Structures are given as C-alpha cells and as structure tokens.
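Notes follow the structure.
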Amino acid sequence: YSSFRPDGIILFSDILTPLPHLGVDFEIDDVKGPVLDQPITTKEGLSVLRPIDMDKLHFVGEALSTLRKEAPEAAVLGFVGSPWTLATYIVEGKSSRIYKTIKVMMRKQPELLHAILNHVALQITEYVRYQIDSGAQVVQIFDSWGGQLTPQDWDVFSKPYLQMIVDGARATHPDVPLTLYANGSGGLLERMASTGVDCVGLDWSVDMADARTRLGDEVSLQGNVDPIVLFSDEKSIEAAVRACSEKGRAGNSRHVLNLGHGVIVGTPEENVAAFFDANRRTLY
C-alpha cells in the first residue's frame, strides 16, 4: 500500500481458507495445489460438514481491522469464494481442468450437490458478515469457476447460492457494496448483475465497452486490463489503462480500474507502479 497508494486494498486470503473450519480439511501440495483427503461424493459424506467456526478464522478479522488502521484513506475489501467454486474443490478433491466429477454429480446426484451448495452458502454468508464487522468496507465474491458452467447450469447451481449470500449480507449490512467476479464470464454478465450485486468484475476476455452496453449504467464495472500487459512497457501500460478507463467511465458510468485478474508472479514492480501512475494521469 505504501509503495503504490491504491484507492482500495484487498485482504488476500485464499478462497479455500474457511473450508477446514466448516468441516472440509485439505493440504497444499507444492505441485498439485489443494488436495482433499476425503472429497464429498456421497450422501454419507455430508456428515463432515458443520457450522463455520469463526473463532478459528480470527486472523482474518484481525488483519482487516489492522488494514483499516494502517490505510485509513483506502477502501478495505473482503474476499470470499462462491459456493459453486468452493464446491468444485469439495467434490473434485483438487483443482481440475474439466470438472468431470462435479458436472456428473449435477446430472446424477443433483440433490447431493444442492445440499453441499446450500451448506456452503449459509456458512459463507456468515463469513461475509464477519469480515464486514471486522472492517471490510466492500466484499468481493469470486465465482472463479462459474464460467465453466453453461449459462443454464449457472442459473441452477451457482446463482441461487450467490443470491443467498447477497440477500444475507443485505439483510444485516445493507450499505456495504458487493462485487461479483467470475473467470470467463462473457456469457454470464447479465446473469451476474441480476443477483443484485453493486459491481460486476470482468476478466480481460470481455470488452469493457460491450459490458457497459449490455449492463447499462445501473451497475458498476470493475477491471479489466490483461495482467500480461504489466510485463510490457510504460507506453503499452498507459494505453491499456486509458482504453479501459475511458470505456468503463463512458457517460455517467461507474468504473473501478483493476486488472482482469491478479498480479502475476514475476511482474516487475516498476510496471505495477506505472499502472497506478497511468490511472492517475488518465483520471485527473
């Protein structure tokens, strides 16, 4: 924060962080990433699920409170995974490219998958509330693998559970903005906005102008410079920032400049600084 002075800072906490504290243990393999010993693939497997233990997540709340004190001029963002995205790990037992196990479950055992999604949605709603109470001024929901679903399947297996979180957060914290992001979301934009979130996050595969045309001015947009641009030069970075910002702020629209995903490992720090500087020159 002190190096780049952004307008907002997000607590980086892996989306899987709450899983052990609602009954789903996992280990991080240096090569494979997260690995679950016991994926849930049967009705009997539901027995491991339990209410989220927020006492075990005290470090998240403490970090948010500290950020509010250390960076009083910046908006502090909380961070959670969507029920569908978390369920992909719970069912697959690891990262996946094709999501075969959970997609077959959608067809053969939909009641089981809905039970998993419902439990996760209820617990993540409590986790969102906890983060807000601890200092988060905005919460971003990552439906990272929502784009792996057909739009029709997203309506059934992702949207209702995102809606539970949005409605639950609104019930207790109606003034806290919520942002929804999904990778590969070009076919889902209208559906994402229909959840009632305040802001839709875009990856770099969507043209910002197209998104604005499709969604209108009622919802804010966030994104969506390609993170690889930060490996180029200052001129290219400024051009990408200017194009994104001008499209995002067309008319009276609201736009949060961001990358289309996170900063990639190995990105030169001076290019990250150039990204922020370009934004300030474009905006002011």
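Naming works like this for the structure tokens: A, B, ... for the chains as they're shown, residue 1 at the start of each chain, ligands 1 onward in shown order.
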Review point. Stretch 199-215 of chain A: which residues within 7 Å, counting only C-alpha atoms, same-chain residues fewer than 3 positions away excluded, as a ChimeraX atom specification?
Key: /A:178-181,183-184,186,190,192-193,219-226,244,247-248,260-261
List as a Markdown table every residue of stretch 147-168 of chain A that is in contact with stretch 67-84 of chain A, defined as an atom at most 9 Å from one of its atoms (using only C-alpha atoms), together with the nearest atom pair and the distance in Å rounded to one decimal, sorted by chain and then rising number.
| residue | atom | partner | partner_atom | distance |
| --- | --- | --- | --- | --- |
| A:Trp154 | CA | A:Trp84 | CA | 8.9 |
| A:Phe157 | CA | A:Trp84 | CA | 6.7 |
| A:Ser158 | CA | A:Trp84 | CA | 5.3 |
| A:Lys159 | CA | A:Trp84 | CA | 8.7 |
| A:Tyr161 | CA | A:Pro83 | CA | 6.3 |
| A:Leu162 | CA | A:Ser82 | CA | 6.5 |
| A:Ile165 | CA | A:Ser82 | CA | 8.7 |
Taking the DSSP secondary structure from the backbone, can you list the residues of stretch 38-213 of chain A that are alpha helix (DSSP H), as a PDB file with N, CA and C atoms, in the first residue's frame?
ATOM      1  N   HIS A  58     -10.034 -16.061  13.286  1.00  0.00           N
ATOM      2  CA  HIS A  58      -9.822 -14.769  13.935  1.00  0.00           C
ATOM      3  C   HIS A  58      -8.748 -13.943  13.236  1.00  0.00           C
ATOM      4  N   PHE A  59      -7.756 -14.626  12.630  1.00  0.00           N
ATOM      5  CA  PHE A  59      -6.662 -13.911  11.973  1.00  0.00           C
ATOM      6  C   PHE A  59      -7.159 -13.098  10.783  1.00  0.00           C
ATOM      7  N   VAL A  60      -8.243 -13.534  10.139  1.00  0.00           N
ATOM      8  CA  VAL A  60      -8.817 -12.776   9.027  1.00  0.00           C
ATOM      9  C   VAL A  60      -9.408 -11.463   9.552  1.00  0.00           C
ATOM     10  N   GLY A  61     -10.180 -11.575  10.623  1.00  0.00           N
ATOM     11  CA  GLY A  61     -10.765 -10.381  11.211  1.00  0.00           C
ATOM     12  C   GLY A  61      -9.710  -9.421  11.731  1.00  0.00           C
ATOM     13  N   GLU A  62      -8.675  -9.967  12.350  1.00  0.00           N
ATOM     14  CA  GLU A  62      -7.605  -9.115  12.875  1.00  0.00           C
ATOM     15  C   GLU A  62      -6.873  -8.400  11.749  1.00  0.00           C
ATOM     16  N   ALA A  63      -6.663  -9.097  10.645  1.00  0.00           N
ATOM     17  CA  ALA A  63      -5.979  -8.484   9.506  1.00  0.00           C
ATOM     18  C   ALA A  63      -6.801  -7.343   8.916  1.00  0.00           C
ATOM     19  N   LEU A  64      -8.113  -7.552   8.798  1.00  0.00           N
ATOM     20  CA  LEU A  64      -8.976  -6.497   8.262  1.00  0.00           C
ATOM     21  C   LEU A  64      -8.979  -5.267   9.179  1.00  0.00           C
ATOM     22  N   SER A  65      -9.046  -5.507  10.464  1.00  0.00           N
ATOM     23  CA  SER A  65      -9.040  -4.391  11.415  1.00  0.00           C
ATOM     24  C   SER A  65      -7.724  -3.623  11.344  1.00  0.00           C
ATOM     25  N   THR A  66      -6.629  -4.360  11.189  1.00  0.00           N
ATOM     26  CA  THR A  66      -5.314  -3.725  11.084  1.00  0.00           C
ATOM     27  C   THR A  66      -5.214  -2.892   9.808  1.00  0.00           C
ATOM     28  N   LEU A  67      -5.717  -3.431   8.706  1.00  0.00           N
ATOM     29  CA  LEU A  67      -5.678  -2.688   7.442  1.00  0.00           C
ATOM     30  C   LEU A  67      -6.454  -1.381   7.547  1.00  0.00           C
ATOM     31  N   ARG A  68      -7.589  -1.403   8.216  1.00  0.00           N
ATOM     32  CA  ARG A  68      -8.372  -0.169   8.374  1.00  0.00           C
ATOM     33  C   ARG A  68      -7.558   0.890   9.112  1.00  0.00           C
ATOM     34  N   LYS A  69      -6.778   0.452  10.092  1.00  0.00           N
ATOM     35  CA  LYS A  69      -5.985   1.401  10.874  1.00  0.00           C
ATOM     36  C   LYS A  69      -4.759   1.875  10.102  1.00  0.00           C
ATOM     37  N   GLU A  70      -4.126   0.949   9.369  1.00  0.00           N
ATOM     38  CA  GLU A  70      -2.882   1.273   8.676  1.00  0.00           C
ATOM     39  C   GLU A  70      -3.114   2.053   7.384  1.00  0.00           C
ATOM     40  N   PRO A  83     -20.121 -20.309  -3.527  1.00  0.00           N
ATOM     41  CA  PRO A  83     -20.446 -21.704  -3.210  1.00  0.00           C
ATOM     42  C   PRO A  83     -20.091 -22.673  -4.340  1.00  0.00           C
ATOM     43  N   TRP A  84     -20.418 -22.324  -5.591  1.00  0.00           N
ATOM     44  CA  TRP A  84     -20.096 -23.230  -6.689  1.00  0.00           C
ATOM     45  C   TRP A  84     -18.586 -23.465  -6.787  1.00  0.00           C
ATOM     46  N   THR A  85     -17.819 -22.401  -6.747  1.00  0.00           N
ATOM     47  CA  THR A  85     -16.368 -22.549  -6.888  1.00  0.00           C
ATOM     48  C   THR A  85     -15.789 -23.359  -5.731  1.00  0.00           C
ATOM     49  N   LEU A  86     -16.232 -23.106  -4.514  1.00  0.00           N
ATOM     50  CA  LEU A  86     -15.747 -23.901  -3.382  1.00  0.00           C
ATOM     51  C   LEU A  86     -16.187 -25.350  -3.520  1.00  0.00           C
ATOM     52  N   ALA A  87     -17.387 -25.562  -4.029  1.00  0.00           N
ATOM     53  CA  ALA A  87     -17.885 -26.933  -4.193  1.00  0.00           C
ATOM     54  C   ALA A  87     -17.066 -27.719  -5.205  1.00  0.00           C
ATOM     55  N   THR A  88     -16.482 -27.040  -6.194  1.00  0.00           N
ATOM     56  CA  THR A  88     -15.656 -27.784  -7.161  1.00  0.00           C
ATOM     57  C   THR A  88     -14.500 -28.466  -6.454  1.00  0.00           C
ATOM     58  N   TYR A  89     -13.912 -27.804  -5.469  1.00  0.00           N
ATOM     59  CA  TYR A  89     -12.821 -28.419  -4.709  1.00  0.00           C
ATOM     60  C   TYR A  89     -13.344 -29.494  -3.765  1.00  0.00           C
ATOM     61  N   ILE A  90     -14.486 -29.219  -3.137  1.00  0.00           N
ATOM     62  CA  ILE A  90     -15.054 -30.172  -2.179  1.00  0.00           C
ATOM     63  C   ILE A  90     -15.391 -31.494  -2.862  1.00  0.00           C
ATOM     64  N   VAL A  91     -15.877 -31.418  -4.094  1.00  0.00           N
ATOM     65  CA  VAL A  91     -16.313 -32.620  -4.810  1.00  0.00           C
ATOM     66  C   VAL A  91     -15.172 -33.243  -5.614  1.00  0.00           C
ATOM     67  N   GLU A  92     -14.421 -32.417  -6.327  1.00  0.00           N
ATOM     68  CA  GLU A  92     -13.318 -32.939  -7.143  1.00  0.00           C
ATOM     69  C   GLU A  92     -12.152 -33.416  -6.278  1.00  0.00           C
ATOM     70  N   LYS A 100     -15.100 -32.855 -14.261  1.00  0.00           N
ATOM     71  CA  LYS A 100     -15.917 -34.005 -14.635  1.00  0.00           C
ATOM     72  C   LYS A 100     -16.742 -34.535 -13.471  1.00  0.00           C
ATOM     73  N   THR A 101     -16.126 -34.683 -12.303  1.00  0.00           N
ATOM     74  CA  THR A 101     -16.825 -35.295 -11.172  1.00  0.00           C
ATOM     75  C   THR A 101     -18.033 -34.472 -10.751  1.00  0.00           C
ATOM     76  N   ILE A 102     -17.844 -33.178 -10.587  1.00  0.00           N
ATOM     77  CA  ILE A 102     -18.953 -32.349 -10.111  1.00  0.00           C
ATOM     78  C   ILE A 102     -20.009 -32.163 -11.203  1.00  0.00           C
ATOM     79  N   LYS A 103     -19.604 -32.140 -12.459  1.00  0.00           N
ATOM     80  CA  LYS A 103     -20.597 -31.997 -13.528  1.00  0.00           C
ATOM     81  C   LYS A 103     -21.423 -33.270 -13.703  1.00  0.00           C
ATOM     82  N   VAL A 104     -20.808 -34.416 -13.468  1.00  0.00           N
ATOM     83  CA  VAL A 104     -21.582 -35.653 -13.479  1.00  0.00           C
ATOM     84  C   VAL A 104     -22.538 -35.682 -12.281  1.00  0.00           C
ATOM     85  N   MET A 105     -22.071 -35.197 -11.133  1.00  0.00           N
ATOM     86  CA  MET A 105     -22.938 -35.119  -9.957  1.00  0.00           C
ATOM     87  C   MET A 105     -24.147 -34.229 -10.241  1.00  0.00           C
ATOM     88  N   MET A 106     -23.962 -33.149 -10.993  1.00  0.00           N
ATOM     89  CA  MET A 106     -25.077 -32.283 -11.357  1.00  0.00           C
ATOM     90  C   MET A 106     -26.192 -33.061 -12.024  1.00  0.00           C
ATOM     91  N   ARG A 107     -25.823 -34.052 -12.841  1.00  0.00           N
ATOM     92  CA  ARG A 107     -26.813 -34.825 -13.603  1.00  0.00           C
ATOM     93  C   ARG A 107     -27.353 -36.027 -12.824  1.00  0.00           C
ATOM     94  N   LYS A 108     -26.457 -36.709 -12.114  1.00  0.00           N
ATOM     95  CA  LYS A 108     -26.839 -37.966 -11.475  1.00  0.00           C
ATOM     96  C   LYS A 108     -27.252 -37.814 -10.012  1.00  0.00           C
ATOM     97  N   PRO A 110     -28.140 -34.532  -8.261  1.00  0.00           N
ATOM     98  CA  PRO A 110     -28.330 -33.093  -8.039  1.00  0.00           C
ATOM     99  C   PRO A 110     -28.712 -32.753  -6.604  1.00  0.00           C
ATOM    100  N   GLU A 111     -29.451 -33.647  -5.933  1.00  0.00           N
ATOM    101  CA  GLU A 111     -29.841 -33.353  -4.542  1.00  0.00           C
ATOM    102  C   GLU A 111     -28.613 -33.275  -3.647  1.00  0.00           C
ATOM    103  N   LEU A 112     -27.639 -34.152  -3.891  1.00  0.00           N
ATOM    104  CA  LEU A 112     -26.413 -34.133  -3.100  1.00  0.00           C
ATOM    105  C   LEU A 112     -25.653 -32.835  -3.333  1.00  0.00           C
ATOM    106  N   LEU A 113     -25.520 -32.440  -4.580  1.00  0.00           N
ATOM    107  CA  LEU A 113     -24.787 -31.213  -4.880  1.00  0.00           C
ATOM    108  C   LEU A 113     -25.506 -30.004  -4.296  1.00  0.00           C
ATOM    109  N   HIS A 114     -26.816 -29.967  -4.383  1.00  0.00           N
ATOM    110  CA  HIS A 114     -27.558 -28.848  -3.798  1.00  0.00           C
ATOM    111  C   HIS A 114     -27.376 -28.798  -2.282  1.00  0.00           C
ATOM    112  N   ALA A 115     -27.279 -29.948  -1.643  1.00  0.00           N
ATOM    113  CA  ALA A 115     -27.055 -29.971  -0.192  1.00  0.00           C
ATOM    114  C   ALA A 115     -25.698 -29.368   0.154  1.00  0.00           C
ATOM    115  N   ILE A 116     -24.684 -29.714  -0.633  1.00  0.00           N
ATOM    116  CA  ILE A 116     -23.348 -29.146  -0.416  1.00  0.00           C
ATOM    117  C   ILE A 116     -23.383 -27.638  -0.630  1.00  0.00           C
ATOM    118  N   LEU A 117     -23.962 -27.213  -1.741  1.00  0.00           N
ATOM    119  CA  LEU A 117     -24.006 -25.795  -2.080  1.00  0.00           C
ATOM    120  C   LEU A 117     -24.783 -24.992  -1.044  1.00  0.00           C
ATOM    121  N   ASN A 118     -25.879 -25.539  -0.563  1.00  0.00           N
ATOM    122  CA  ASN A 118     -26.692 -24.840   0.430  1.00  0.00           C
ATOM    123  C   ASN A 118     -25.910 -24.641   1.725  1.00  0.00           C
ATOM    124  N   HIS A 119     -25.227 -25.691   2.163  1.00  0.00           N
ATOM    125  CA  HIS A 119     -24.439 -25.574   3.395  1.00  0.00           C
ATOM    126  C   HIS A 119     -23.334 -24.543   3.237  1.00  0.00           C
ATOM    127  N   VAL A 120     -22.624 -24.623   2.128  1.00  0.00           N
ATOM    128  CA  VAL A 120     -21.523 -23.688   1.907  1.00  0.00           C
ATOM    129  C   VAL A 120     -22.047 -22.256   1.832  1.00  0.00           C
ATOM    130  N   ALA A 121     -23.168 -22.054   1.153  1.00  0.00           N
ATOM    131  CA  ALA A 121     -23.724 -20.700   1.027  1.00  0.00           C
ATOM    132  C   ALA A 121     -24.085 -20.111   2.387  1.00  0.00           C
ATOM    133  N   LEU A 122     -24.689 -20.907   3.237  1.00  0.00           N
ATOM    134  CA  LEU A 122     -25.050 -20.416   4.566  1.00  0.00           C
ATOM    135  C   LEU A 122     -23.817 -20.024   5.373  1.00  0.00           C
ATOM    136  N   GLN A 123     -22.765 -20.837   5.277  1.00  0.00           N
ATOM    137  CA  GLN A 123     -21.558 -20.556   6.058  1.00  0.00           C
ATOM    138  C   GLN A 123     -20.787 -19.366   5.492  1.00  0.00           C
ATOM    139  N   ILE A 124     -20.727 -19.260   4.169  1.00  0.00           N
ATOM    140  CA  ILE A 124     -20.013 -18.135   3.569  1.00  0.00           C
ATOM    141  C   ILE A 124     -20.749 -16.825   3.828  1.00  0.00           C
ATOM    142  N   THR A 125     -22.075 -16.883   3.924  1.00  0.00           N
ATOM    143  CA  THR A 125     -22.818 -15.684   4.310  1.00  0.00           C
ATOM    144  C   THR A 125     -22.361 -15.187   5.673  1.00  0.00           C
ATOM    145  N   GLU A 126     -22.198 -16.100   6.617  1.00  0.00           N
ATOM    146  CA  GLU A 126     -21.709 -15.711   7.942  1.00  0.00           C
ATOM    147  C   GLU A 126     -20.283 -15.173   7.876  1.00  0.00           C
ATOM    148  N   TYR A 127     -19.485 -15.749   6.989  1.00  0.00           N
ATOM    149  CA  TYR A 127     -18.097 -15.313   6.816  1.00  0.00           C
ATOM    150  C   TYR A 127     -18.056 -13.893   6.234  1.00  0.00           C
ATOM    151  N   VAL A 128     -18.945 -13.588   5.303  1.00  0.00           N
ATOM    152  CA  VAL A 128     -19.038 -12.235   4.755  1.00  0.00           C
ATOM    153  C   VAL A 128     -19.409 -11.245   5.866  1.00  0.00           C
ATOM    154  N   ARG A 129     -20.392 -11.598   6.653  1.00  0.00           N
ATOM    155  CA  ARG A 129     -20.806 -10.712   7.746  1.00  0.00           C
ATOM    156  C   ARG A 129     -19.661 -10.489   8.729  1.00  0.00           C
ATOM    157  N   TYR A 130     -18.930 -11.553   9.022  1.00  0.00           N
ATOM    158  CA  TYR A 130     -17.797 -11.448   9.948  1.00  0.00           C
ATOM    159  C   TYR A 130     -16.745 -10.489   9.384  1.00  0.00           C
ATOM    160  N   GLN A 131     -16.452 -10.601   8.103  1.00  0.00           N
ATOM    161  CA  GLN A 131     -15.447  -9.723   7.506  1.00  0.00           C
ATOM    162  C   GLN A 131     -15.900  -8.263   7.549  1.00  0.00           C
ATOM    163  N   ILE A 132     -17.178  -8.029   7.297  1.00  0.00           N
ATOM    164  CA  ILE A 132     -17.679  -6.656   7.362  1.00  0.00           C
ATOM    165  C   ILE A 132     -17.583  -6.123   8.785  1.00  0.00           C
ATOM    166  N   ASP A 133     -17.998  -6.920   9.741  1.00  0.00           N
ATOM    167  CA  ASP A 133     -17.936  -6.496  11.139  1.00  0.00           C
ATOM    168  C   ASP A 133     -16.497  -6.235  11.582  1.00  0.00           C
ATOM    169  N   SER A 134     -15.537  -6.890  10.914  1.00  0.00           N
ATOM    170  CA  SER A 134     -14.134  -6.739  11.275  1.00  0.00           C
ATOM    171  C   SER A 134     -13.463  -5.568  10.569  1.00  0.00           C
ATOM    172  N   PRO A 151     -24.616 -21.257 -19.221  1.00  0.00           N
ATOM    173  CA  PRO A 151     -25.483 -20.268 -18.570  1.00  0.00           C
ATOM    174  C   PRO A 151     -26.688 -20.901 -17.881  1.00  0.00           C
ATOM    175  N   GLN A 152     -27.260 -21.928 -18.494  1.00  0.00           N
ATOM    176  CA  GLN A 152     -28.427 -22.581 -17.895  1.00  0.00           C
ATOM    177  C   GLN A 152     -28.049 -23.308 -16.598  1.00  0.00           C
ATOM    178  N   ASP A 153     -26.898 -23.965 -16.592  1.00  0.00           N
ATOM    179  CA  ASP A 153     -26.459 -24.643 -15.372  1.00  0.00           C
ATOM    180  C   ASP A 153     -26.059 -23.631 -14.304  1.00  0.00           C
ATOM    181  N   TRP A 154     -25.498 -22.500 -14.712  1.00  0.00           N
ATOM    182  CA  TRP A 154     -25.144 -21.452 -13.748  1.00  0.00           C
ATOM    183  C   TRP A 154     -26.393 -20.962 -13.027  1.00  0.00           C
ATOM    184  N   ASP A 155     -27.507 -20.880 -13.773  1.00  0.00           N
ATOM    185  CA  ASP A 155     -28.776 -20.447 -13.170  1.00  0.00           C
ATOM    186  C   ASP A 155     -29.231 -21.379 -12.061  1.00  0.00           C
ATOM    187  N   VAL A 156     -28.859 -22.645 -12.166  1.00  0.00           N
ATOM    188  CA  VAL A 156     -29.334 -23.659 -11.221  1.00  0.00           C
ATOM    189  C   VAL A 156     -28.329 -23.911 -10.094  1.00  0.00           C
ATOM    190  N   PHE A 157     -27.043 -23.954 -10.442  1.00  0.00           N
ATOM    191  CA  PHE A 157     -26.048 -24.415  -9.472  1.00  0.00           C
ATOM    192  C   PHE A 157     -25.123 -23.335  -8.928  1.00  0.00           C
ATOM    193  N   LYS A 159     -26.092 -19.361  -9.335  1.00  0.00           N
ATOM    194  CA  LYS A 159     -26.831 -18.149  -8.997  1.00  0.00           C
ATOM    195  C   LYS A 159     -27.650 -18.241  -7.710  1.00  0.00           C
ATOM    196  N   PRO A 160     -28.438 -19.306  -7.479  1.00  0.00           N
ATOM    197  CA  PRO A 160     -29.255 -19.307  -6.260  1.00  0.00           C
ATOM    198  C   PRO A 160     -28.431 -19.193  -4.980  1.00  0.00           C
ATOM    199  N   TYR A 161     -27.232 -19.712  -5.011  1.00  0.00           N
ATOM    200  CA  TYR A 161     -26.396 -19.724  -3.811  1.00  0.00           C
ATOM    201  C   TYR A 161     -25.614 -18.419  -3.667  1.00  0.00           C
ATOM    202  N   LEU A 162     -25.286 -17.796  -4.799  1.00  0.00           N
ATOM    203  CA  LEU A 162     -24.784 -16.424  -4.745  1.00  0.00           C
ATOM    204  C   LEU A 162     -25.871 -15.506  -4.207  1.00  0.00           C
ATOM    205  N   GLN A 163     -27.098 -15.740  -4.637  1.00  0.00           N
ATOM    206  CA  GLN A 163     -28.213 -14.916  -4.189  1.00  0.00           C
ATOM    207  C   GLN A 163     -28.415 -15.033  -2.680  1.00  0.00           C
ATOM    208  N   MET A 164     -28.208 -16.221  -2.144  1.00  0.00           N
ATOM    209  CA  MET A 164     -28.315 -16.395  -0.694  1.00  0.00           C
ATOM    210  C   MET A 164     -27.313 -15.502   0.032  1.00  0.00           C
ATOM    211  N   ILE A 165     -26.090 -15.438  -0.500  1.00  0.00           N
ATOM    212  CA  ILE A 165     -25.055 -14.611   0.131  1.00  0.00           C
ATOM    213  C   ILE A 165     -25.406 -13.130   0.010  1.00  0.00           C
ATOM    214  N   VAL A 166     -25.793 -12.709  -1.197  1.00  0.00           N
ATOM    215  CA  VAL A 166     -26.136 -11.307  -1.411  1.00  0.00           C
ATOM    216  C   VAL A 166     -27.302 -10.904  -0.508  1.00  0.00           C
ATOM    217  N   ASP A 167     -28.347 -11.707  -0.491  1.00  0.00           N
ATOM    218  CA  ASP A 167     -29.513 -11.375   0.329  1.00  0.00           C
ATOM    219  C   ASP A 167     -29.167 -11.397   1.816  1.00  0.00           C
ATOM    220  N   GLY A 168     -28.347 -12.371   2.214  1.00  0.00           N
ATOM    221  CA  GLY A 168     -27.962 -12.460   3.618  1.00  0.00           C
ATOM    222  C   GLY A 168     -27.130 -11.274   4.062  1.00  0.00           C
ATOM    223  N   ALA A 169     -26.204 -10.849   3.213  1.00  0.00           N
ATOM    224  CA  ALA A 169     -25.383  -9.683   3.545  1.00  0.00           C
ATOM    225  C   ALA A 169     -26.225  -8.415   3.560  1.00  0.00           C
ATOM    226  N   ARG A 170     -27.129  -8.300   2.611  1.00  0.00           N
ATOM    227  CA  ARG A 170     -28.001  -7.121   2.546  1.00  0.00           C
ATOM    228  C   ARG A 170     -28.889  -7.011   3.793  1.00  0.00           C
ATOM    229  N   ALA A 171     -29.299  -8.159   4.321  1.00  0.00           N
ATOM    230  CA  ALA A 171     -30.214  -8.154   5.463  1.00  0.00           C
ATOM    231  C   ALA A 171     -29.581  -7.528   6.698  1.00  0.00           C
ATOM    232  N   THR A 172     -28.289  -7.726   6.871  1.00  0.00           N
ATOM    233  CA  THR A 172     -27.612  -7.224   8.068  1.00  0.00           C
ATOM    234  C   THR A 172     -26.706  -6.033   7.800  1.00  0.00           C
ATOM    235  N   LEU A 189     -22.741 -12.156 -18.002  1.00  0.00           N
ATOM    236  CA  LEU A 189     -22.749 -10.815 -17.428  1.00  0.00           C
ATOM    237  C   LEU A 189     -24.117 -10.384 -16.923  1.00  0.00           C
ATOM    238  N   GLU A 190     -25.137 -10.531 -17.757  1.00  0.00           N
ATOM    239  CA  GLU A 190     -26.478 -10.125 -17.331  1.00  0.00           C
ATOM    240  C   GLU A 190     -26.941 -10.948 -16.140  1.00  0.00           C
ATOM    241  N   ARG A 191     -26.608 -12.215 -16.150  1.00  0.00           N
ATOM    242  CA  ARG A 191     -26.992 -13.084 -15.030  1.00  0.00           C
ATOM    243  C   ARG A 191     -26.275 -12.659 -13.750  1.00  0.00           C
ATOM    244  N   MET A 192     -25.008 -12.317 -13.846  1.00  0.00           N
ATOM    245  CA  MET A 192     -24.270 -11.871 -12.671  1.00  0.00           C
ATOM    246  C   MET A 192     -24.889 -10.604 -12.088  1.00  0.00           C
ATOM    247  N   ALA A 193     -25.215  -9.659 -12.952  1.00  0.00           N
ATOM    248  CA  ALA A 193     -25.816  -8.411 -12.483  1.00  0.00           C
ATOM    249  C   ALA A 193     -27.179  -8.653 -11.845  1.00  0.00           C
ATOM    250  N   MET A 208     -14.677  -3.913 -22.377  1.00  0.00           N
ATOM    251  CA  MET A 208     -15.344  -3.084 -21.378  1.00  0.00           C
ATOM    252  C   MET A 208     -16.535  -2.334 -21.981  1.00  0.00           C
ATOM    253  N   ALA A 209     -16.387  -1.881 -23.218  1.00  0.00           N
ATOM    254  CA  ALA A 209     -17.495  -1.164 -23.862  1.00  0.00           C
ATOM    255  C   ALA A 209     -18.683  -2.084 -24.097  1.00  0.00           C
ATOM    256  N   ASP A 210     -18.423  -3.322 -24.493  1.00  0.00           N
ATOM    257  CA  ASP A 210     -19.512  -4.282 -24.691  1.00  0.00           C
ATOM    258  C   ASP A 210     -20.231  -4.553 -23.374  1.00  0.00           C
ATOM    259  N   ALA A 211     -19.437  -4.707 -22.306  1.00  0.00           N
ATOM    260  CA  ALA A 211     -20.040  -4.964 -20.996  1.00  0.00           C
ATOM    261  C   ALA A 211     -20.919  -3.797 -20.567  1.00  0.00           C
ATOM    262  N   ARG A 212     -20.443  -2.576 -20.810  1.00  0.00           N
ATOM    263  CA  ARG A 212     -21.232  -1.410 -20.425  1.00  0.00           C
ATOM    264  C   ARG A 212     -22.521  -1.335 -21.224  1.00  0.00           C
ATOM    265  N   THR A 213     -22.438  -1.654 -22.520  1.00  0.00           N
ATOM    266  CA  THR A 213     -23.639  -1.646 -23.351  1.00  0.00           C
ATOM    267  C   THR A 213     -24.640  -2.680 -22.863  1.00  0.00           C
TER     268      THR A 213
END
Practice item. Identify, with DSSP run on backbone atoms, the residues in stretch 143-198 of chain A assigned to strand (DSSP E or B), and express the list as a list in words. Key: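 Across stretch 143-198 of chain A, those assigned strand (DSSP E or B) are Leu178, Thr179, Leu180 and Tyr181 of chain A.
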Selection file, N, CA and C atoms, as a compact mmCIF listing (two decimals), in the first residue's frame:
# COMPACT_ATOMS: atom_id res chain seq x y z
N LEU A 178 -21.19 -4.93 -2.70
CA LEU A 178 -20.75 -6.29 -3.03
C LEU A 178 -20.34 -6.34 -4.49
N THR A 179 -19.22 -6.99 -4.76
CA THR A 179 -18.73 -7.17 -6.12
C THR A 179 -18.71 -8.66 -6.44
N LEU A 180 -19.08 -9.00 -7.65
CA LEU A 180 -19.06 -10.40 -8.10
C LEU A 180 -18.16 -10.53 -9.31
N TYR A 181 -17.21 -11.46 -9.21
CA TYR A 181 -16.25 -11.70 -10.30
C TYR A 181 -16.30 -13.18 -10.70
Review point. Pick the closest to A:Phe142 from A:Asp25, A:Asp198, A:Asp14, A:Asp7: which is it, counting only C-alpha atoms?
Key: A:Asp14
Check your understanding: Looking at A:Ser47, A:Gln148, A:Asn271, A:Gln140, which one is nearest to A:Lys235, with distances taken over only C-alpha atoms?
Key ->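 Answer, going by the shortest atom-to-atom distance: A:Asn271.
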